[in-house]
Amino acid sequence: MGGNVFGAGCGYGPGSNSGQVLTYGTCVVVADNAYVERGVYGGGSYGYTTNTADIYILGGHVEGKNGGVSGESYSANITGGVYGGACQNQGGTTNITMTNGIVEGGLYGGSNATGTLSGNVTIQVNGGQVGADADHTANIHGGGYGNDTEVNGNILVNIGEKGQTAAGAMIYGDVYGGSALGNVNDAISDSVAIGLYRGTIQGNVYGGGLGNNTYAAAVRGNVRVDVDGIAFVTTYDGTNASDGSPIPATGRIFGCNNNNGTPNGSVRINVYKTARADGAAHTRGEYEVQAVYGGGNLAAYTPTTNQATSVNVYGCGESSIEYVYGGGNAAPVPATDVNVYGSYEINYVFGGGNGKDDVNGAANPGADVGKKKDGSSYGTQPVVGTANTEILGGVIHHVFGGSNTKGDVTKDAHVILGDQNLQFCEFKVDEVYGAGNEAYMSGDAEITMNCIEGLTAIYGGSRRADIGSPTERKNVVLNIYGGHFDQVFGGNNESGCIYGSITVNIQENGCLPIEIGELYLGGNQAPYSVYGYNTDKTPVTSGTALYGYPVLNVISATSIGSTYGGGLGATAKLYGNPHININMEQGSINGKYEYEEGKSDVRYKGKGYETAQTLDLGHLGTVYGGGNEAEVIGDTYIQVGTGTDAAGAALTRQDAQITGNVYGGGNHAEVTGKTNVVIGK
């Protein structure tokens with residue numbers, strides 16, 4: 001067939017009721033070897049139905065060439081494809097079901113050029129192919145195409161269905177819950193839901209709409225994206241980011257919009273299960289989803305009421321993702337909430353956004369949390385500027401409380417690992433940072449380690465980025481309550497300034513004993529100064545302390561191998577007077593840990609931590625007031641069993657057990673000032 005297929009009549013023009021279907025809905029079926037050159041519509045050109053339009057693509061080929069009917073004449077300006085609504089008029093409820101065939105021009109739940117649907121949209125794609133190939137793509141939209149299209153009701157877009165055994169559809173293009181250029185939902189109580197169950201997508205998924213520089217594709221309700229078995233094909237655009245890594249073009253999931261527009265309500269992404277495109281088993285290091293973003297690509301998330309994006313990863317042994325972001329790629333959000341309950345493997349988790357990859361050939365403007373594109377704040381509500389990241393299970397290589405390369409977190413980043421009720425996934429985390437990777441953060445950084453079977457390295461600060469500024473003094477706090485850790489650092493890893501104080505608290509009251517190999521109050525390679533930093537970011541070496549001196553409080557622990565008041569390595573100089581306060585009490589176990597064969601760490605097998613109990617007084621090995629090959633420019637203070645804190649206030653605890661030596665200085669590291677060691681009252 002060389003033209004279009006309309007479920008309703010042609011009609012005479014805008015505002016006309018000619019061609020209207022009143023009593024009954026419409027039903028359009030494309031099957032077998034049918035061929036449609038241009039478009040398929042549940043409604044008409046100007047005609048429409050006020051009831052339900054059903055479209056079934058069971059086979060055949062909808063080429064989707066541009067062209068349609070404008071009044072009584074042909075118009076090449078009308079975009080081809082499959083539309084649940086009319087070409088240029090209103091409609092009611094639309095249902096599109098696709099099980100086979102090829103749709104090249106795109107698939108839309110709403111109308112084409114203009115028109116408002118009064119009801120809901122349901123799109124179910126269980127098979128067939130959307131888009132011709134990787135070079136000739138087509139999108140699926142829950143809404144319509146044009147900027148004058150609306151869908152007033154709820155939208156549901158499913159790719160495959162739960163329990164489907166057939167291979168599913170192949171989609172060369174993006175999947176959107178919203179419109180291309182129009183709007184969906186007419187109330188904050190409405191919803192857009194996307195279910196990704198079976199099939200393969202060589203494109204991206206957006207909970208919101210597309211939008212362009214002129215038109216914002218708004219979603220006036222709430223967005224939810226569920227990932228439960230779909231496969232993605234990740235491709236790259238042929239260019240590289242600032243760190244030399246290739247910039248992805250497909251394989252990503254966004255909670256919000258692509259280029260312009262925003263959901264007005266909440267945004268939630270749930271990842272339950274991912275799949276390889278070749279159907280093979282999960283393989284370490286071969287990630288099945290390139291990235292998951294709570295925010296948008298270029299489009300800011302500006303909800304009616306400021307709230308956090310919600311990104312949740314489930315699926316013990318089932319979810320394989322390279323990057324997880326609470327925020328956007330090159331777009332801000334008010335706040336974020338990231339929860340990982342389990343995974344097969346995740347390479348990076350960020351509480352903030354990305355800010356690294358160029359977008360549409362232009363440099364990434366950054367992905368702030370709490371700050372809009374124009375630099376103004378989202379507001380004064382407590383949630384604004386917060387990035388919360390909670391890890392409860394799974395295999396994860398790197399966790400950051402902040403953003404990747406460019407993206408401020410304006411109030412605070414809080415990373416929580418473990419809780420008192422483990423999910424019994426395999427739990428393995430390589431390293432954790434309270435702040436960002438290379439992204440400056442103007443907020444505070446805090447890490448809370450509740451119940452961790454094992455972790456290689458913890459950094460209270462960033463990898464190599466500033467925290468705070470000369471005018472924004474922000475602090476780093478690290479709290480450890482239970483688990484096994486190879487190395488713990490209060491400061492940054494490679495570089496970066498901390499414009500605030502460092503506090504590390506060790507108190508054993510989680511579900512596992514605290515066992516630490518090496519504990520540093522300072523950084524690893526990165527220097528720290530309480531006197532601030534010069535304009536070239538080098539530490540100020542003396543003067544008036546701008547921040548409180550770094551403090552390590554050892555309250556209870558089963559064992560700590562080596563403790564240092566400074567940092568690790570020649571470049572990790574500490575300018576100030578570090579205080580180590582070892583006034584201990586017996587630790588406790590809350591009885592929430594239960595060993596499970598094949599999922600729990602073998603070091604805890606048969607330990608009996610299923611019941612709450614008070615532990616014996618723990619011990620420390622060797623204690624150094626200074627650093628490990630890292631100079632301290634200042635005085636060092638060590639208090640052991642004095643019954644007073646670093647400020648001299650009385651404590652109820654005053655015990656300590658040290659099996660090694662206590663040094664006021666460092667290990668192969670100079671202390672330029674006085675060393676002060678007090679043992680007992």
# chains A, B, ... in the order shown; residues from 1 in each chain; ligands from 1

call {"tool": "residues_around", "arguments": {"residues": "A:Tyr41", "least_positions_apart": "5", "cutoff": "6 Å", "atoms": "only C-alpha atoms", "output": "short mmCIF file (atom, residue, chain, number, x, y, z; two decimals) with N, CA and C atoms, in the first residue's frame"}}
result
data_model
loop_
_atom_site.label_atom_id
_atom_site.label_comp_id
_atom_site.auth_asym_id
_atom_site.auth_seq_id
_atom_site.Cartn_x
_atom_site.Cartn_y
_atom_site.Cartn_z
N PHE A 6 -5.71 4.58 8.12
CA PHE A 6 -6.37 5.32 9.20
C PHE A 6 -7.49 4.49 9.79
N GLY A 7 -7.56 4.46 11.12
CA GLY A 7 -8.67 3.77 11.76
C GLY A 7 -9.95 4.56 11.69
N TYR A 83 0.98 5.46 14.91
CA TYR A 83 0.47 6.38 15.92
C TYR A 83 -0.83 5.84 16.50
N GLY A 84 -0.91 5.80 17.82
CA GLY A 84 -2.16 5.38 18.44
C GLY A 84 -3.26 6.40 18.25
N ALA A 86 -4.60 10.26 16.29
CA ALA A 86 -4.84 10.73 14.93
C ALA A 86 -3.58 11.40 14.39
#

call {"tool": "residues_around", "arguments": {"residues": "A:Gly294", "least_positions_apart": "2", "cutoff": "10 Å", "atoms": "only C-alpha atoms", "output": "count of residues only"}}
result
32

call {"tool": "select_by_dssp", "arguments": {"residues": "stretch 79-229 of chain A", "states": "strand (DSSP E)", "output": "NGL selection string"}}
result
:A and (81-83 or 93-98 or 102-103 or 107-108 or 114-117 or 121-125 or 129-130 or 140-141 or 148-151 or 155-159 or 169-171 or 175-176 or 183-184 or 191-196 or 199-201 or 205-206 or 222-229)

call {"tool": "closest_residue", "arguments": {"among": "A:Gly203, A:Gly182, A:Gly621, A:Gly85", "to": "A:Pro248", "atoms": "only C-alpha atoms"}}
result
A:Gly203

call {"tool": "residues_around", "arguments": {"residues": "A:Leu58", "least_positions_apart": "3", "cutoff": "7 Å", "atoms": "only C-alpha atoms", "output": "list in words"}}
result
Val30, Ala31, Met98, Thr99, Asn100 and Gly101 of chain A

call {"tool": "write_last_selection", "arguments": {"atoms": "N, CA, C and O atoms", "output": "compact mmCIF listing (two decimals), in the first residue's frame"}}
result
# COMPACT_ATOMS: atom_id res chain seq x y z
N VAL A 30 -2.12 -4.87 11.11
CA VAL A 30 -1.14 -5.05 10.05
C VAL A 30 -0.50 -6.41 10.27
O VAL A 30 0.09 -6.66 11.32
N ALA A 31 -0.64 -7.31 9.31
CA ALA A 31 -0.19 -8.69 9.52
C ALA A 31 0.35 -9.28 8.23
O ALA A 31 0.31 -8.66 7.16
N MET A 98 2.53 -5.09 19.40
CA MET A 98 3.39 -5.51 18.31
C MET A 98 4.03 -6.85 18.68
O MET A 98 4.67 -6.98 19.72
N THR A 99 3.83 -7.84 17.82
CA THR A 99 4.41 -9.16 18.06
C THR A 99 5.33 -9.62 16.94
O THR A 99 6.10 -10.57 17.11
N ASN A 100 5.26 -8.95 15.79
CA ASN A 100 6.09 -9.33 14.65
C ASN A 100 6.10 -8.17 13.66
O ASN A 100 5.47 -7.14 13.89
N GLY A 101 6.80 -8.34 12.57
CA GLY A 101 6.85 -7.32 11.54
C GLY A 101 7.94 -6.30 11.77
O GLY A 101 8.74 -6.41 12.71

call {"tool": "atom_distance", "arguments": {"atom1": "atom CA of A:Gln90", "atom2": "atom CA of A:Asn147"}}
result
13.7 Å

call {"tool": "residues_around", "arguments": {"residues": "A:Ser118", "least_positions_apart": "5", "cutoff": "9 Å", "atoms": "only C-alpha atoms", "output": "ChimeraX atom specification"}}
result
/A:50,90-93,150-153

call {"tool": "residues_around", "arguments": {"residues": "A:Asn581", "least_positions_apart": "3", "cutoff": "9 Å", "atoms": "only C-alpha atoms", "output": "list in words"}}
result
Val551, Leu552, Asn553, Val554, Ile555, Tyr637, Ile638, Gln639, Val640, Gly641, Thr642, Thr644, Asp645 and Ala646 of chain A

call {"tool": "residues_around", "arguments": {"residues": "A:Gly523", "least_positions_apart": "5", "cutoff": "7 Å", "atoms": "only C-alpha atoms", "output": "list of chain:residue names"}}
result
A:Phe489, A:Gly490, A:Gly491, A:Asn492, A:Asn493, A:Gly567, A:Leu568, A:Ala572

call {"tool": "residues_around", "arguments": {"residues": "A:Arg464", "least_positions_apart": "6", "cutoff": "6 Å", "atoms": "only C-alpha atoms", "output": "compact mmCIF listing (two decimals) with N, CA and C atoms, in the first residue's frame"}}
result
# COMPACT_ATOMS: atom_id res chain seq x y z
N GLU A 438 36.78 13.00 40.13
CA GLU A 438 37.52 14.21 39.77
C GLU A 438 36.65 15.45 39.92
N GLU A 494 44.58 10.48 45.66
CA GLU A 494 45.73 10.91 44.86
C GLU A 494 46.05 12.39 45.02
N SER A 495 45.04 13.23 45.09
CA SER A 495 45.26 14.68 45.18
C SER A 495 43.95 15.35 45.57
N GLY A 496 43.96 16.69 45.55
CA GLY A 496 42.76 17.44 45.89
C GLY A 496 42.86 18.04 47.28

call {"tool": "atom_distance", "arguments": {"atom1": "atom CA of A:Gly355", "atom2": "atom CA of A:Asp466"}}
result
15.5 Å

call {"tool": "atom_distance", "arguments": {"atom1": "atom CA of A:Val233", "atom2": "atom CA of A:Ala280"}}
result
13.5 Å

call {"tool": "closest_residue", "arguments": {"among": "A:Cys451, A:Val677, A:Ala669, A:Val623", "to": "A:Glu594", "atoms": "only C-alpha atoms"}}
result
A:Cys451

call {"tool": "closest_residue", "arguments": {"among": "A:Ser242, A:Asn509, A:Gln129, A:Asn183", "to": "A:Thr114", "atoms": "only C-alpha atoms"}}
result
A:Asn183

call {"tool": "closest_atom_pairs", "arguments": {"of": "stretch 259-321 of chain A", "to": "stretch 396-406 of chain A", "cutoff": "12 Å", "atoms": "only C-alpha atoms", "output": "CSV"}}
result
residue,atom,partner,partner_atom,distance
A:Arg284,CA,A:Ile396,CA,11.2
A:Gly285,CA,A:His397,CA,10.5
A:Tyr293,CA,A:Ser403,CA,11.8
A:Val313,CA,A:Ile396,CA,11.6
A:Cys316,CA,A:Ile396,CA,11.9
A:Gly317,CA,A:Ile396,CA,11.6
A:Ser319,CA,A:Ile396,CA,11.0
A:Ser320,CA,A:Ile396,CA,10.0
A:Ile321,CA,A:Ile396,CA,9.6

call {"tool": "decode", "arguments": {"residues": "stretch 280-299 of chain A", "atoms": "N, CA, C and O atoms", "output": "PDB file, in the first residue's frame"}}
result
ATOM      1  N   ALA A 280      24.317 -15.290  26.148  1.00  0.00           N
ATOM      2  CA  ALA A 280      25.242 -16.075  26.961  1.00  0.00           C
ATOM      3  C   ALA A 280      25.099 -15.699  28.439  1.00  0.00           C
ATOM      4  O   ALA A 280      24.379 -14.767  28.807  1.00  0.00           O
ATOM      5  N   ALA A 281      25.806 -16.422  29.287  1.00  0.00           N
ATOM      6  CA  ALA A 281      25.764 -16.178  30.719  1.00  0.00           C
ATOM      7  C   ALA A 281      26.520 -14.903  31.070  1.00  0.00           C
ATOM      8  O   ALA A 281      27.374 -14.427  30.311  1.00  0.00           O
ATOM      9  N   HIS A 282      26.200 -14.329  32.228  1.00  0.00           N
ATOM     10  CA  HIS A 282      26.933 -13.163  32.716  1.00  0.00           C
ATOM     11  C   HIS A 282      28.428 -13.482  32.782  1.00  0.00           C
ATOM     12  O   HIS A 282      28.826 -14.589  33.161  1.00  0.00           O
ATOM     13  N   THR A 283      29.241 -12.498  32.429  1.00  0.00           N
ATOM     14  CA  THR A 283      30.694 -12.670  32.433  1.00  0.00           C
ATOM     15  C   THR A 283      31.332 -11.464  33.101  1.00  0.00           C
ATOM     16  O   THR A 283      31.004 -10.321  32.769  1.00  0.00           O
ATOM     17  N   ARG A 284      32.234 -11.699  34.032  1.00  0.00           N
ATOM     18  CA  ARG A 284      32.901 -10.608  34.731  1.00  0.00           C
ATOM     19  C   ARG A 284      33.640  -9.699  33.747  1.00  0.00           C
ATOM     20  O   ARG A 284      34.337 -10.158  32.846  1.00  0.00           O
ATOM     21  N   GLY A 285      33.467  -8.410  33.942  1.00  0.00           N
ATOM     22  CA  GLY A 285      34.149  -7.429  33.118  1.00  0.00           C
ATOM     23  C   GLY A 285      33.475  -7.117  31.807  1.00  0.00           C
ATOM     24  O   GLY A 285      33.905  -6.216  31.089  1.00  0.00           O
ATOM     25  N   GLU A 286      32.400  -7.822  31.464  1.00  0.00           N
ATOM     26  CA  GLU A 286      31.651  -7.564  30.233  1.00  0.00           C
ATOM     27  C   GLU A 286      30.260  -7.061  30.624  1.00  0.00           C
ATOM     28  O   GLU A 286      29.329  -7.835  30.819  1.00  0.00           O
ATOM     29  N   TYR A 287      30.147  -5.745  30.733  1.00  0.00           N
ATOM     30  CA  TYR A 287      28.951  -5.146  31.313  1.00  0.00           C
ATOM     31  C   TYR A 287      27.807  -5.105  30.308  1.00  0.00           C
ATOM     32  O   TYR A 287      27.991  -4.784  29.136  1.00  0.00           O
ATOM     33  N   GLU A 288      26.613  -5.396  30.784  1.00  0.00           N
ATOM     34  CA  GLU A 288      25.446  -5.547  29.909  1.00  0.00           C
ATOM     35  C   GLU A 288      24.651  -4.254  29.746  1.00  0.00           C
ATOM     36  O   GLU A 288      23.899  -4.106  28.784  1.00  0.00           O
ATOM     37  N   VAL A 289      24.788  -3.331  30.668  1.00  0.00           N
ATOM     38  CA  VAL A 289      24.219  -1.983  30.549  1.00  0.00           C
ATOM     39  C   VAL A 289      25.364  -1.003  30.751  1.00  0.00           C
ATOM     40  O   VAL A 289      26.116  -1.108  31.721  1.00  0.00           O
ATOM     41  N   GLN A 290      25.512  -0.040  29.825  1.00  0.00           N
ATOM     42  CA  GLN A 290      26.637   0.880  29.934  1.00  0.00           C
ATOM     43  C   GLN A 290      26.467   1.807  31.126  1.00  0.00           C
ATOM     44  O   GLN A 290      27.423   2.023  31.879  1.00  0.00           O
ATOM     45  N   ALA A 291      25.262   2.347  31.331  1.00  0.00           N
ATOM     46  CA  ALA A 291      25.063   3.268  32.451  1.00  0.00           C
ATOM     47  C   ALA A 291      23.587   3.376  32.795  1.00  0.00           C
ATOM     48  O   ALA A 291      22.719   3.284  31.931  1.00  0.00           O
ATOM     49  N   VAL A 292      23.331   3.619  34.073  1.00  0.00           N
ATOM     50  CA  VAL A 292      21.993   3.936  34.575  1.00  0.00           C
ATOM     51  C   VAL A 292      22.074   5.299  35.243  1.00  0.00           C
ATOM     52  O   VAL A 292      22.908   5.523  36.124  1.00  0.00           O
ATOM     53  N   TYR A 293      21.199   6.217  34.823  1.00  0.00           N
ATOM     54  CA  TYR A 293      21.168   7.577  35.365  1.00  0.00           C
ATOM     55  C   TYR A 293      19.810   7.849  35.995  1.00  0.00           C
ATOM     56  O   TYR A 293      18.768   7.642  35.357  1.00  0.00           O
ATOM     57  N   GLY A 294      19.804   8.372  37.206  1.00  0.00           N
ATOM     58  CA  GLY A 294      18.550   8.813  37.778  1.00  0.00           C
ATOM     59  C   GLY A 294      18.038  10.073  37.115  1.00  0.00           C
ATOM     60  O   GLY A 294      16.830  10.301  37.035  1.00  0.00           O
ATOM     61  N   GLY A 295      18.933  10.913  36.644  1.00  0.00           N
ATOM     62  CA  GLY A 295      18.568  12.166  35.995  1.00  0.00           C
ATOM     63  C   GLY A 295      18.441  12.032  34.494  1.00  0.00           C
ATOM     64  O   GLY A 295      18.214  10.958  33.949  1.00  0.00           O
ATOM     65  N   GLY A 296      18.634  13.156  33.788  1.00  0.00           N
ATOM     66  CA  GLY A 296      18.497  13.186  32.345  1.00  0.00           C
ATOM     67  C   GLY A 296      19.845  13.226  31.650  1.00  0.00           C
ATOM     68  O   GLY A 296      20.902  13.223  32.283  1.00  0.00           O
ATOM     69  N   ASN A 297      19.789  13.269  30.322  1.00  0.00           N
ATOM     70  CA  ASN A 297      20.998  13.367  29.511  1.00  0.00           C
ATOM     71  C   ASN A 297      21.470  14.823  29.487  1.00  0.00           C
ATOM     72  O   ASN A 297      22.402  15.198  30.179  1.00  0.00           O
ATOM     73  N   LEU A 298      20.795  15.668  28.712  1.00  0.00           N
ATOM     74  CA  LEU A 298      21.035  17.121  28.751  1.00  0.00           C
ATOM     75  C   LEU A 298      19.948  17.865  29.520  1.00  0.00           C
ATOM     76  O   LEU A 298      20.127  19.025  29.881  1.00  0.00           O
ATOM     77  N   ALA A 299      18.822  17.213  29.759  1.00  0.00           N
ATOM     78  CA  ALA A 299      17.648  17.870  30.329  1.00  0.00           C
ATOM     79  C   ALA A 299      17.675  17.827  31.850  1.00  0.00           C
ATOM     80  O   ALA A 299      17.804  16.764  32.456  1.00  0.00           O
TER      81      ALA A 299
END
